[in-house]
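*Asks:* Next up, final_38.csv (CSV, C-alpha atoms and all ligand atoms).
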chain,number,residue,atom,x,y,z
I,64,MET,CA,39.1,10.5,5.5
I,65,LYS,CA,36.0,8.8,6.9
I,66,ASN,CA,34.2,6.7,4.3
I,67,VAL,CA,30.6,7.8,4.1
I,68,LYS,CA,28.2,5.7,2.0
I,69,LYS,CA,25.8,7.9,0.1
I,70,ILE,CA,22.1,7.1,-0.5
I,71,ALA,CA,19.6,8.5,-3.0
I,72,ILE,CA,15.8,8.3,-2.5
I,73,MET,CA,13.7,8.4,-5.6
I,74,GLY,CA,10.1,9.6,-4.8
I,75,HIS,CA,9.1,11.7,-1.7
I,76,GLY,CA,5.5,10.5,-1.4
I,77,VAL,CA,4.0,8.8,1.7
I,78,VAL,CA,6.7,6.0,1.9
I,79,GLY,CA,9.7,8.1,0.6
I,80,SER,CA,9.1,10.9,3.1
I,81,GLY,CA,8.8,8.2,5.8
I,82,VAL,CA,12.1,6.7,4.8
I,83,ALA,CA,13.9,10.1,4.9
I,84,GLU,CA,12.4,11.1,8.2
I,85,ILE,CA,13.1,7.8,10.0
I,86,PHE,CA,16.6,7.6,8.4
I,87,LEU,CA,17.4,11.0,9.8
I,88,GLY,CA,15.6,10.5,13.1
I,89,ASN,CA,17.1,7.1,13.9
I,90,HIS,CA,20.4,7.8,12.3
I,91,GLN,CA,22.6,6.9,15.2
I,92,ASN,CA,20.8,3.6,15.7
I,93,ILE,CA,21.2,2.8,11.9
I,94,GLU,CA,24.9,3.6,12.0
I,95,ASN,CA,25.3,1.4,15.1
I,96,LYS,CA,23.6,-1.5,13.2
I,97,THR,CA,25.6,-1.0,10.0
I,98,GLN,CA,28.9,0.0,11.4
I,99,VAL,CA,29.2,2.3,8.4
I,100,SER,CA,28.7,6.0,8.1
I,101,SER,CA,25.9,6.9,5.7
I,102,GLU,CA,24.0,9.9,4.6
I,103,ILE,CA,21.2,10.8,2.1
I,104,LYS,CA,22.8,12.8,-0.7
I,105,TYR,CA,19.8,13.2,-3.1
I,106,ILE,CA,16.0,13.0,-3.0
I,107,LEU,CA,14.5,12.9,-6.5
I,108,ASP,CA,11.0,14.4,-6.9
I,109,LEU,CA,9.5,16.7,-9.4
I,110,ARG,CA,7.7,18.6,-6.7
I,111,ASP,CA,9.3,21.2,-4.4
I,112,PHE,CA,9.5,20.6,-0.6
I,113,PRO,CA,10.5,23.9,1.0
I,114,GLY,CA,10.9,24.2,4.8
I,115,LEU,CA,12.1,20.7,5.6
I,116,SER,CA,15.4,20.2,7.5
I,117,TYR,CA,16.6,18.3,4.4
I,118,SER,CA,15.1,20.6,1.6
I,119,ASP,CA,18.6,21.1,0.2
I,120,LYS,CA,18.8,17.5,-1.0
I,121,PHE,CA,16.0,17.6,-3.6
I,122,ILE,CA,16.8,17.2,-7.2
I,123,LYS,CA,14.7,16.8,-10.3
I,124,ASP,CA,17.2,15.1,-12.7
I,125,PHE,CA,17.6,11.3,-12.4
I,126,ASN,CA,20.9,11.5,-14.2
I,127,LEU,CA,22.6,13.1,-11.2
I,128,ILE,CA,21.9,9.9,-9.3
I,129,ALA,CA,22.8,7.5,-12.1
I,130,ASN,CA,26.1,9.2,-12.9
I,131,ASP,CA,27.3,9.8,-9.4
I,132,ASP,CA,29.7,7.1,-8.4
I,133,GLU,CA,29.4,8.1,-4.8
I,134,ILE,CA,25.8,6.8,-4.6
I,135,SER,CA,26.0,3.2,-3.6
I,136,VAL,CA,22.4,2.6,-2.4
I,137,VAL,CA,19.3,3.9,-4.2
I,138,VAL,CA,15.8,3.7,-2.6
I,139,GLU,CA,12.9,3.6,-5.1
I,140,THR,CA,9.6,4.7,-3.6
I,141,MET,CA,8.0,6.2,-6.7
I,142,GLY,CA,5.6,3.4,-7.4
I,143,GLY,CA,4.3,2.3,-10.8
I,144,LEU,CA,6.2,0.7,-13.6
I,145,ASN,CA,7.4,3.8,-15.4
I,146,PRO,CA,9.8,5.4,-15.0
I,147,ALA,CA,10.6,3.3,-12.0
I,148,TYR,CA,11.7,0.3,-14.1
I,149,THR,CA,14.1,2.3,-16.3
I,150,PHE,CA,15.5,4.1,-13.3
I,151,VAL,CA,16.0,1.0,-11.2
I,152,LYS,CA,17.5,-1.0,-14.1
I,153,THR,CA,19.9,1.8,-14.8
I,154,CYS,CA,21.0,2.1,-11.2
I,155,LEU,CA,21.6,-1.7,-11.0
I,156,GLU,CA,23.6,-1.7,-14.2
I,157,LYS,CA,25.7,1.0,-12.9
I,158,GLY,CA,26.6,-1.1,-9.9
I,159,LYS,CA,24.3,0.5,-7.3
I,160,SER,CA,22.2,-1.6,-4.9
I,161,VAL,CA,18.5,-0.8,-5.1
I,162,VAL,CA,15.9,-1.1,-2.4
I,163,THR,CA,12.2,-0.7,-3.5
I,164,SER,CA,8.7,-0.8,-2.0
I,165,ASN,CA,7.2,-1.1,-5.5
I,166,LYS,CA,5.2,-4.3,-5.7
I,167,GLU,CA,4.2,-3.7,-9.3
I,168,LEU,CA,7.8,-3.4,-10.3
I,169,VAL,CA,8.9,-6.5,-8.5
I,170,ALA,CA,5.8,-8.6,-9.6
I,171,GLU,CA,6.4,-7.6,-13.3
I,172,LYS,CA,10.2,-7.3,-13.5
I,173,GLY,CA,11.6,-9.1,-10.5
I,174,ALA,CA,13.4,-11.9,-12.3
I,175,GLU,CA,15.1,-9.6,-14.7
I,176,LEU,CA,16.2,-7.1,-12.0
I,177,LEU,CA,17.4,-9.8,-9.7
I,178,SER,CA,19.5,-11.2,-12.5
I,179,ILE,CA,21.1,-7.8,-13.3
I,180,ALA,CA,21.8,-7.3,-9.6
I,181,ARG,CA,23.5,-10.7,-9.4
I,182,SER,CA,25.6,-10.0,-12.5
I,183,LYS,CA,26.8,-6.7,-10.9
I,184,ASN,CA,27.2,-8.2,-7.5
I,185,VAL,CA,24.9,-5.7,-5.9
I,186,LYS,CA,21.5,-6.1,-4.1
I,187,PHE,CA,18.0,-5.7,-5.3
I,188,LEU,CA,15.9,-5.8,-2.1
I,189,PHE,CA,12.1,-5.4,-1.7
I,190,GLU,CA,11.1,-6.3,1.9
I,191,ALA,CA,8.5,-3.4,1.8
I,192,SER,CA,6.8,-4.6,-1.3
I,193,VAL,CA,4.6,-7.2,0.5
I,194,GLY,CA,2.9,-6.8,3.9
I,195,GLY,CA,4.1,-3.2,4.6
I,196,GLY,CA,6.0,-3.3,7.9
I,197,ILE,CA,5.7,-7.1,8.3
I,198,PRO,CA,9.0,-8.9,7.9
I,199,ILE,CA,8.0,-11.4,5.2
I,200,ILE,CA,10.3,-11.5,2.2
I,201,ARG,CA,13.4,-12.2,4.4
I,202,PRO,CA,11.6,-14.9,6.6
I,203,LEU,CA,10.2,-16.6,3.5
I,204,SER,CA,13.4,-16.5,1.5
I,205,GLN,CA,15.9,-17.1,4.3
I,206,CYS,CA,14.4,-18.4,7.5
I,207,LEU,CA,12.1,-20.9,5.7
I,208,ALA,CA,14.6,-21.6,2.9
I,209,ALA,CA,15.0,-25.3,3.9
I,210,ASN,CA,11.3,-26.0,3.4
I,211,ASN,CA,9.2,-26.9,0.4
I,212,ILE,CA,6.5,-24.3,0.7
I,213,LEU,CA,3.2,-26.0,0.2
I,214,GLU,CA,0.8,-23.1,0.6
I,215,ILE,CA,0.5,-19.4,1.4
I,216,ASN,CA,-2.7,-17.6,2.2
I,217,GLY,CA,-2.6,-14.0,3.1
I,218,ILE,CA,-4.5,-10.8,3.8
I,219,LEU,CA,-2.1,-8.7,1.8
I,220,ASN,CA,-3.9,-5.4,1.2
I,221,GLY,CA,-4.3,-2.9,4.0
I,222,THR,CA,-6.8,-0.7,2.2
I,223,THR,CA,-9.3,-3.4,1.5
I,224,ASN,CA,-8.9,-5.0,4.9
I,225,TYR,CA,-9.5,-1.5,6.4
I,226,ILE,CA,-12.6,-1.0,4.2
I,227,LEU,CA,-14.0,-4.4,5.0
I,228,THR,CA,-13.4,-3.9,8.7
I,229,CYS,CA,-15.1,-0.5,8.7
I,230,MET,CA,-18.1,-1.9,6.8
I,231,ILE,CA,-18.5,-5.1,8.9
I,232,ARG,CA,-17.7,-3.7,12.4
I,233,ASP,CA,-18.9,-0.1,12.2
I,234,GLY,CA,-21.4,-0.1,9.3
I,235,VAL,CA,-19.4,2.6,7.5
I,236,SER,CA,-20.2,2.9,3.7
I,237,PHE,CA,-17.6,1.6,1.2
I,238,GLU,CA,-17.0,5.2,-0.1
I,239,ASP,CA,-16.4,6.7,3.3
I,240,ALA,CA,-14.1,3.9,4.4
I,241,LEU,CA,-12.1,4.2,1.1
I,242,ALA,CA,-11.8,8.0,1.6
I,243,GLN,CA,-10.5,7.4,5.1
I,244,ALA,CA,-7.9,4.8,3.9
I,245,GLN,CA,-6.7,7.3,1.3
I,246,LYS,CA,-6.4,10.0,4.0
I,247,LEU,CA,-4.4,7.6,6.2
I,248,GLY,CA,-2.0,7.0,3.3
I,249,TYR,CA,-2.9,3.3,2.9
I,250,ALA,CA,-4.4,3.4,-0.6
I,251,GLU,CA,-2.6,3.4,-3.9
I,252,LYS,CA,-2.6,6.6,-6.0
I,253,ASP,CA,-5.2,4.9,-8.1
I,254,PRO,CA,-7.2,3.0,-5.4
I,255,SER,CA,-8.8,0.7,-8.0
I,256,ALA,CA,-5.6,-1.4,-7.8
I,257,ASP,CA,-6.5,-2.0,-4.1
I,258,VAL,CA,-10.3,-2.5,-4.4
I,259,LEU,CA,-10.1,-4.7,-7.5
I,260,GLY,CA,-7.6,-7.0,-5.9
I,261,LEU,CA,-4.7,-6.2,-8.2
I,262,ASP,CA,-2.4,-5.0,-5.5
I,263,ALA,CA,-2.9,-8.1,-3.4
I,264,CYS,CA,-2.5,-10.3,-6.5
I,265,ARG,CA,0.9,-8.7,-7.3
I,266,LYS,CA,2.0,-9.4,-3.7
I,267,ILE,CA,1.0,-13.1,-3.7
I,268,CYS,CA,2.8,-13.4,-7.1
I,269,ILE,CA,6.0,-12.0,-5.4
I,270,LEU,CA,5.6,-14.5,-2.5
I,271,ALA,CA,4.9,-17.3,-4.9
I,272,SER,CA,7.9,-16.5,-6.9
I,273,ILE,CA,10.1,-16.7,-3.8
I,274,ALA,CA,8.3,-19.9,-2.6
I,275,PHE,CA,8.4,-21.8,-5.9
I,276,SER,CA,11.7,-20.2,-7.3
I,277,LYS,CA,10.0,-19.3,-10.6
I,278,HIS,CA,8.7,-15.9,-11.6
I,279,VAL,CA,4.9,-16.0,-11.3
I,280,TYR,CA,3.5,-13.2,-13.5
I,281,PRO,CA,0.3,-11.4,-12.3
I,282,LYS,CA,-1.2,-11.8,-15.8
I,283,TYR,CA,-1.6,-15.5,-15.2
I,284,ALA,CA,-3.2,-15.1,-11.8
I,285,HIS,CA,-6.9,-14.6,-11.1
I,286,ALA,CA,-7.7,-11.4,-9.2
I,287,GLU,CA,-11.1,-10.2,-7.9
I,288,GLY,CA,-11.7,-7.4,-5.5
I,289,ILE,CA,-14.2,-6.4,-2.9
I,290,THR,CA,-16.5,-4.2,-5.0
I,291,LYS,CA,-19.3,-6.8,-5.1
I,292,ILE,CA,-19.4,-7.5,-1.4
I,293,THR,CA,-22.8,-6.6,0.1
I,294,LEU,CA,-23.8,-6.2,3.7
I,295,LYS,CA,-26.2,-9.1,3.2
I,296,ASP,CA,-23.3,-11.4,2.5
I,297,VAL,CA,-21.4,-9.9,5.4
I,298,GLU,CA,-24.3,-10.9,7.7
I,299,TYR,CA,-24.6,-14.4,6.2
I,300,ALA,CA,-20.8,-14.8,6.8
I,301,LYS,CA,-21.4,-13.9,10.5
I,302,ALA,CA,-24.3,-16.4,10.7
I,303,TRP,CA,-22.1,-19.1,9.2
I,304,GLY,CA,-19.4,-18.3,11.9
I,305,GLY,CA,-16.8,-16.3,10.2
I,306,ALA,CA,-16.0,-13.1,8.2
I,307,ILE,CA,-15.4,-12.1,4.6
I,308,LYS,CA,-11.8,-11.2,3.9
I,309,LEU,CA,-9.9,-10.5,0.7
I,310,VAL,CA,-7.5,-13.4,0.6
I,311,ALA,CA,-4.5,-14.0,-1.7
I,312,SER,CA,-3.7,-17.7,-2.0
I,313,ALA,CA,-0.9,-19.7,-3.6
I,314,LYS,CA,-0.9,-23.5,-3.3
I,315,LEU,CA,1.4,-26.1,-4.8
I,316,LEU,CA,-0.8,-28.7,-6.5
I,317,GLU,CA,0.1,-32.4,-7.0
I,318,ASN,CA,0.5,-31.8,-10.7
I,319,GLY,CA,3.3,-29.4,-9.9
I,320,LYS,CA,1.3,-26.3,-11.0
I,321,VAL,CA,0.4,-23.5,-8.6
I,322,ALA,CA,-3.2,-22.6,-7.8
I,323,LEU,CA,-3.2,-18.8,-7.5
I,324,GLU,CA,-6.2,-16.9,-6.5
I,325,THR,CA,-6.9,-13.5,-5.0
I,326,SER,CA,-10.5,-13.1,-4.2
I,327,PRO,CA,-12.9,-12.5,-1.3
I,328,ALA,CA,-13.3,-15.6,0.9
I,329,PHE,CA,-15.5,-16.8,3.8
I,330,VAL,CA,-12.9,-17.3,6.6
I,331,SER,CA,-14.0,-19.3,9.6
I,332,SER,CA,-13.6,-17.6,13.0
I,333,GLU,CA,-11.4,-20.6,13.9
I,334,ASN,CA,-8.9,-19.4,11.4
I,335,PRO,CA,-6.6,-16.7,12.8
I,336,LEU,CA,-6.9,-14.8,9.5
I,337,SER,CA,-10.5,-14.0,10.3
I,338,SER,CA,-9.4,-11.7,13.2
I,339,VAL,CA,-6.9,-9.7,11.1
I,340,ASN,CA,-8.6,-6.3,11.1
I,341,ASP,CA,-8.1,-2.7,10.0
I,342,VAL,CA,-4.9,-2.0,8.2
I,343,PHE,CA,-3.3,-5.2,9.5
I,344,ASN,CA,-2.0,-7.8,7.1
I,345,ALA,CA,-1.1,-11.4,7.8
I,346,ALA,CA,0.4,-14.3,5.8
I,347,PHE,CA,-0.2,-17.9,6.8
I,348,ILE,CA,2.6,-20.0,5.3
I,349,LYS,CA,2.7,-23.8,5.3
I,350,GLY,CA,6.1,-25.4,4.9
I,351,ASP,CA,6.8,-29.2,4.8
I,352,ALA,CA,9.3,-29.0,7.6
I,353,VAL,CA,8.2,-26.1,9.7
I,354,GLY,CA,4.4,-26.6,9.5
I,355,ASP,CA,2.3,-23.5,9.9
I,356,VAL,CA,3.8,-20.0,10.3
I,357,MET,CA,1.8,-16.8,10.6
I,358,LEU,CA,3.3,-13.4,10.1
I,359,TYR,CA,1.3,-10.4,11.2
I,360,GLY,CA,1.6,-6.6,11.3
I,361,ARG,CA,0.7,-3.3,9.8
I,362,GLY,CA,0.3,-3.8,6.0
I,363,ALA,CA,0.4,-0.2,4.8
I,364,GLY,CA,1.1,3.3,6.0
I,365,LYS,CA,4.1,5.6,6.1
I,366,GLU,CA,6.1,4.5,9.1
I,367,PRO,CA,5.6,0.7,8.9
I,368,THR,CA,6.5,0.6,5.2
I,369,ALA,CA,9.5,2.9,5.7
I,370,SER,CA,10.6,0.6,8.5
I,371,ALA,CA,10.7,-2.3,6.0
I,372,VAL,CA,12.5,-0.2,3.4
I,373,LEU,CA,15.1,0.8,5.9
I,374,SER,CA,15.8,-2.8,7.0
I,375,ASP,CA,16.8,-3.3,3.3
I,376,VAL,CA,18.9,-0.1,3.3
I,377,ILE,CA,20.7,-1.4,6.4
I,378,GLU,CA,21.3,-4.8,4.6
I,379,ALA,CA,22.6,-3.0,1.5
I,380,LEU,CA,24.9,-0.7,3.4
I,381,ASN,CA,26.2,-3.6,5.4
I,382,SER,CA,26.9,-6.1,2.6
I,383,THR,CA,30.1,-6.6,0.8
I,384,ASP,CA,28.7,-9.4,-1.4
I,385,SER,CA,25.3,-10.6,-2.6
I,386,GLY,CA,25.0,-12.9,0.5
I,387,LEU,CA,22.0,-15.3,0.7
I,388,ALA,CA,20.5,-13.7,-2.3
I,389,LEU,CA,16.9,-13.4,-3.1
I,390,ASN,CA,16.6,-15.5,-6.2
I,391,TRP,CA,14.2,-16.9,-8.7
I,392,SER,CA,14.4,-17.7,-12.3
I,393,ASP,CA,12.4,-16.2,-15.1
I,394,CYS,CA,9.8,-18.4,-16.5
I,395,ASP,CA,8.5,-18.0,-20.0
I,396,TYR,CA,5.6,-20.4,-19.5
I,397,ASP,CA,2.6,-20.3,-17.2
I,398,ILE,CA,3.1,-22.3,-14.0
I,399,THR,CA,-0.3,-21.5,-12.7
I,400,GLU,CA,-3.3,-23.9,-12.8
I,401,PRO,CA,-6.1,-22.5,-15.0
I,402,TYR,CA,-8.6,-20.6,-13.0
I,403,GLU,CA,-11.6,-22.8,-14.2
I,404,ASN,CA,-9.9,-25.8,-12.6
I,405,LEU,CA,-9.4,-24.3,-9.1
I,406,LYS,CA,-11.6,-26.1,-6.5
I,407,ASN,CA,-13.2,-24.6,-3.4
I,408,ARG,CA,-16.2,-25.0,-1.3
I,409,MET,CA,-18.4,-22.1,-2.3
I,410,TYR,CA,-20.8,-19.8,-0.5
I,411,LEU,CA,-23.8,-19.1,-2.8
I,412,ARG,CA,-26.7,-16.8,-2.3
I,413,VAL,CA,-29.5,-17.6,-4.7
I,414,SER,CA,-33.0,-16.2,-5.3
I,415,GLY,CA,-36.1,-17.1,-7.2
I,416,SER,CA,-39.8,-17.4,-6.8
I,417,ASP,CA,-39.6,-21.1,-6.5
I,418,LEU,CA,-36.4,-22.6,-5.0
I,419,CYS,CA,-37.4,-26.3,-5.2
I,420,GLY,CA,-35.1,-26.8,-8.2
I,421,LEU,CA,-32.1,-26.2,-5.9
I,422,ASP,CA,-32.2,-29.8,-4.7
I,423,LYS,CA,-31.7,-31.0,-8.3
I,424,VAL,CA,-28.5,-29.0,-8.8
I,425,PHE,CA,-27.1,-28.9,-5.2
I,426,SER,CA,-28.4,-31.9,-3.5
I,427,GLU,CA,-25.6,-31.7,-0.9
I,428,ARG,CA,-25.4,-28.3,0.7
I,429,GLU,CA,-24.9,-26.7,4.1
I,430,GLU,CA,-27.6,-24.1,4.6
I,431,VAL,CA,-26.5,-20.8,6.1
I,432,GLY,CA,-29.8,-19.0,6.1
I,433,ALA,CA,-33.0,-18.5,4.1
I,434,VAL,CA,-35.7,-15.9,3.8
I,435,CYS,CA,-38.7,-15.9,1.4
I,436,GLY,CA,-37.3,-16.3,-2.1
I,437,GLU,CA,-33.7,-16.4,-1.0
I,438,CYS,CA,-31.3,-19.1,0.2
I,439,ALA,CA,-27.7,-18.9,1.3
I,440,PHE,CA,-25.6,-22.1,1.5
I,441,ILE,CA,-22.2,-23.7,1.3
I,442,THR,CA,-21.5,-26.2,-1.5
I,443,PRO,CA,-19.1,-29.1,-1.4
I,444,ALA,CA,-15.8,-28.4,-3.2
I,445,ILE,CA,-16.4,-27.7,-6.8
I,446,SER,CA,-14.3,-26.1,-9.6
I,447,TYR,CA,-15.2,-22.8,-11.2
I,448,SER,CA,-16.1,-24.5,-14.4
I,449,GLU,CA,-18.5,-26.8,-12.5
I,450,LEU,CA,-19.9,-23.7,-10.8
I,451,ALA,CA,-20.5,-22.0,-14.1
I,452,ALA,CA,-22.4,-25.1,-15.4
I,453,LYS,CA,-24.5,-25.3,-12.3
I,454,THR,CA,-25.3,-21.6,-12.4
I,455,GLU,CA,-26.7,-22.2,-15.9
I,456,GLN,CA,-28.7,-25.2,-14.7
I,457,LEU,CA,-30.1,-23.0,-11.9
I,458,ALA,CA,-31.0,-20.2,-14.4
I,459,ALA,CA,-32.9,-22.6,-16.5
I,460,LEU,CA,-34.9,-23.4,-13.3
I,461,GLY,CA,-35.6,-19.8,-12.7
I,462,ILE,CA,-33.0,-19.4,-9.9
I,463,SER,CA,-30.4,-16.8,-10.1
I,464,VAL,CA,-27.0,-16.9,-8.3
I,465,ASP,CA,-26.7,-13.4,-6.7
I,466,ALA,CA,-23.4,-14.0,-4.8
I,467,ALA,CA,-20.6,-16.6,-5.1
I,468,ILE,CA,-17.7,-16.4,-2.6
I,469,ARG,CA,-15.2,-19.1,-2.0
I,470,VAL,CA,-14.7,-20.7,1.4
I,471,LEU,CA,-11.1,-20.6,2.7
I,472,ASP,CA,-10.3,-24.2,3.8
I,473,ILE,CA,-6.8,-24.5,5.3
W,1,LIG,N1,-2.1,0.1,-1.1
W,1,LIG,C1,-1.4,-0.8,-0.4
W,1,LIG,C2,-2.3,-1.5,0.7
W,1,LIG,C3,-0.2,-0.2,0.3
W,1,LIG,O1,-3.3,-0.9,1.0
W,1,LIG,O2,-1.9,-2.5,1.2
W,1,LIG,C4,0.8,-1.1,0.8
W,1,LIG,O3,1.4,-2.0,-0.2
Mind turning this structure into structure tokens?
Ligand code: HSE
*Replies:*
Amino acid sequence: MKNVKKIAIMGHGVVGSGVAEIFLGNHQNIENKTQVSSEIKYILDLRDFPGLSYSDKFIKDFNLIANDDEISVVVETMGGLNPAYTFVKTCLEKGKSVVTSNKELVAEKGAELLSIARSKNVKFLFEASVGGGIPIIRPLSQCLAANNILEINGILNGTTNYILTCMIRDGVSFEDALAQAQKLGYAEKDPSADVLGLDACRKICILASIAFSKHVYPKYAHAEGITKITLKDVEYAKAWGGAIKLVASAKLLENGKVALETSPAFVSSENPLSSVNDVFNAAFIKGDAVGDVMLYGRGAGKEPTASAVLSDVIEALNSTDSGLALNWSDCDYDITEPYENLKNRMYLRVSGSDLCGLDKVFSEREEVGAVCGECAFITPAISYSELAAKTEQLAALGISVDAAIRVLDI
């Protein structure tokens, strides 16, 4: 009898439905690649989906998947930590490979789940968790494996990049751009994770964990979103010769710690990240042997993300052992440099009735623009603790700092 490998999908939302549709639509191609027969046996979702060609596959009870020895590969596209964590852990413990697009799960529980997968000689794969359709987990963990990774800077959230692009290029309001991103299936269920920078922060933590072989927990990483970006700062960024982007950065410091920061940044138009627009994401990786590598593609959306999920499904179907495994160890101490110590050149927009005192606090500065009672300029590299002290000095001189955005220097 022909051996057919059985797959279960948990979650039939934007990504899960894309996985089912592309799996069924491109099935012959997938079988040619894997050289094994495979089929979807179950789709777990609490909702009903009548009228689909695969409506008969829906179940509501997770135990049917967990207790079915025929299921060898489980796709988790539910999102969120619970119950995804319990379900994924159970599947791995039962010897099933798991493929997930869930960045929160990987960023919080990756080390533990990888360790369970190793002990059971199955796969825990998450290509879709960072950068949507861009191949990035496999290139970083395999193709660049010989390098010491020195630095990663990425635009890793499609929703915020889409919103910023609409605001900058088309003058669309923040609210309208967000509503459109939600309609297109880019945003999280709770879009505050996108706009507050948490989603991009989770993704840079995953990349940093691969790059530095230790689990980097999001709770130790500074995250700031795009909610404070004003059109005024967008215009000053243009006058300076660049654009404002939400950039997630991880850099290995000389003291062995990792500088981790997700925040808006002034990106010079000479830097290719400045022209990454709409839903596109990009990661700029610096390795000690390879030099600079840039990976670019659609960072969110149904089909691109499903494409990445299915690349993992194909690997899981193909594999007979744990291969060149994704691997990092758990880390019970904080390997990130304290936020106050991180140093950047800073864009500042200040205001006051008398700006003469500026020279006392920032004698060296590159002016970007000035109007009556307002000045925008770039400081030399300073730490956030120095910036806080200087902000207080300025306040004492009657000058308020109305915007502070780092400059991305790479
Ligand atoms: N909400 C995420 C984004 C989806 O906009 O990038 C892809 O991870």
*Asks:* Step by step, measure atom-to-atom distances between ligand LIG 1 (chain W) and each residue using all atoms listed in the file, keep those at most 6 Å, then write them as a list in words.
*Replies:*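 The residues near ligand LIG 1 (chain W) are Gly195, Asn220, Gly221, Thr222, Tyr249, Ala250, Glu251, Asp257, Gly362 and Ala363 of chain I.
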*Asks:* Write out as a list in words which residues come within 9 Å of Glu175 of chain I when counting all atoms listed in the file, dropping same-chain ones fewer than 3 positions away.
*Replies:*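 Listing them by chain and then by number gives Lys152, Lys172, Ser178, Ile179, Ala180, Ser392 and Asp393 of chain I.
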*Asks:* Find the spatial neighbours of Val161 of chain I, counting only C-alpha atoms, within a cut-off of 7 Å - ignore same-chain residues fewer than 3 positions away - and output them as a list in words.
*Replies:*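 Residues meeting the cut-off are Val136, Val137, Val138, Val151, Leu155, Lys186, Phe187 and Leu188 of chain I.
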*Asks:* Would you please work out which residue, of I:Ala459, I:Leu336, I:Ala346, I:Leu373, is nearest to Leu87 of chain I when using all atoms listed in the file?
*Replies:* I:Leu373
*Asks:* Can you measure atom CA of Asn334 of chain I to atom CA of Val297 of chain I for me? One decimal in Å is fine.
*Replies:*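 About the pair atom CA of Asn334 of chain I and atom CA of Val297 of chain I: they are 16.8 Å apart.
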*Asks:* Select all residues near (6.1, 3.1, -12.5) (cut-off 12 Å, inclusive, file coordinates), counting all atoms listed in the file, and output them as a list of chain:residue names.
*Replies:*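 Returned residue set, sorted by chain then number, is I:Met73, I:Gly74, I:Glu139, I:Thr140, I:Met141, I:Gly142, I:Gly143, I:Leu144, I:Asn145, I:Pro146, I:Ala147, I:Tyr148, I:Thr149, I:Phe150, I:Val151, I:Thr163, I:Ser164, I:Asn165, I:Lys166, I:Glu167, I:Leu168, I:Val169, I:Glu171, I:Lys172, I:Lys252.
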*Asks:* With all atoms listed in the file as the basis for distance, which of I:Ile377, I:Ala284, I:Val310, I:Ala240 is at the shortest distance from Glu403 of chain I?
*Replies:*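 Once distances to Glu403 of chain I are computed over all atoms listed in the file, the minimum belongs to I:Ala284.
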*Asks:* Go through I:Glu427, I:Asp395, I:Glu366, I:Asp351 and flag the residue nearest Ala191 of chain I, using all atoms listed in the file for the distances.
*Replies:*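 Smallest separation from Ala191 of chain I among the options: I:Glu366.
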*Asks:* Skip Trp391 of chain I itself and residues of its chain fewer than 5 positions away, then list as a list of chain:residue names all residues within 8 Å of it, counting all atoms listed in the file.
*Replies:*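 Those residues are I:Ala174, I:Leu177, I:Ser272, I:Ile273, I:Ser276, I:Lys277, I:His278.
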*Asks:* Just to confirm, what's the straight-line distance from atom CA of Tyr105 of chain I to atom CA of Asn66 of chain I in Å (one decimal)?
*Replies:* 17.4 Å
*Asks:* Could you name the residues that touch Ala444 of chain I at 8 Å or less, counting only C-alpha atoms, but leaving out those on the same chain fewer than 6 positions away, as a list in words?
*Replies:*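 The residues satisfying every condition are Lys406, Asn407, Arg408 and Met409 of chain I.
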*Asks:* Show me the residues around (-24.2, -16.1, -8.5) - criterion: an atom at most 7 Å away, only C-alpha atoms counted - as a PyMOL selection string.
*Replies:* chain I and resi 411-413+454+463-467
*Asks:* Nearest to Gly360 of chain I among I:Ala71, I:Ile212, I:Leu219, I:Leu309, with distances taken over only C-alpha atoms: which residue is it?
*Replies:*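 Ranked by minimum distance to Gly360 of chain I, first place goes to I:Leu219.
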*Asks:* Could you state the separation of atom CA of Ile200 of chain I and atom CA of Phe125 of chain I in Å, given to one decimal place?
*Replies:*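 Calculated distance between atom CA of Ile200 of chain I and atom CA of Phe125 of chain I is 28.0 Å.
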*Asks:* With a distance cut-off of 7 Å and all atoms listed in the file, select the neighbouring residues of Gly350 of chain I, excluding the residue or stretch itself and same-chain residues fewer than 3 positions from it, and output the selection as a VMD selection string.
*Replies:* chain I and resid 210 to 213 353 to 355
*Asks:* Determine the nearest neighbour of Ala306 of chain I from the options I:Ile199, I:Ile468, I:Val258, I:Ala170, counting all atoms listed in the file.
*Replies:*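 Closest to Ala306 of chain I of all the choices is I:Ile468.
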*Asks:* Choose the residue, out of I:Asn381, I:Thr325, I:Ser236, I:Thr368, that has the smallest atom-to-atom separation from Thr97 of chain I; count only C-alpha atoms.
*Replies:*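 Counting only C-alpha atoms, the residue closest to Thr97 of chain I is I:Asn381.
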*Asks:* Please write out, as lines of an AutoDock Vina configuration file, where the centre of an axis-aligned box around all listed atoms of segment 172-187 of chain I lies and how long its edges are, in Å to one decimal, after adding 5 Å on each side.
*Replies:*
center_x = 18.7
center_y = -8.8
center_z = -9.4
size_x = 27.0
size_y = 16.2
size_z = 20.6
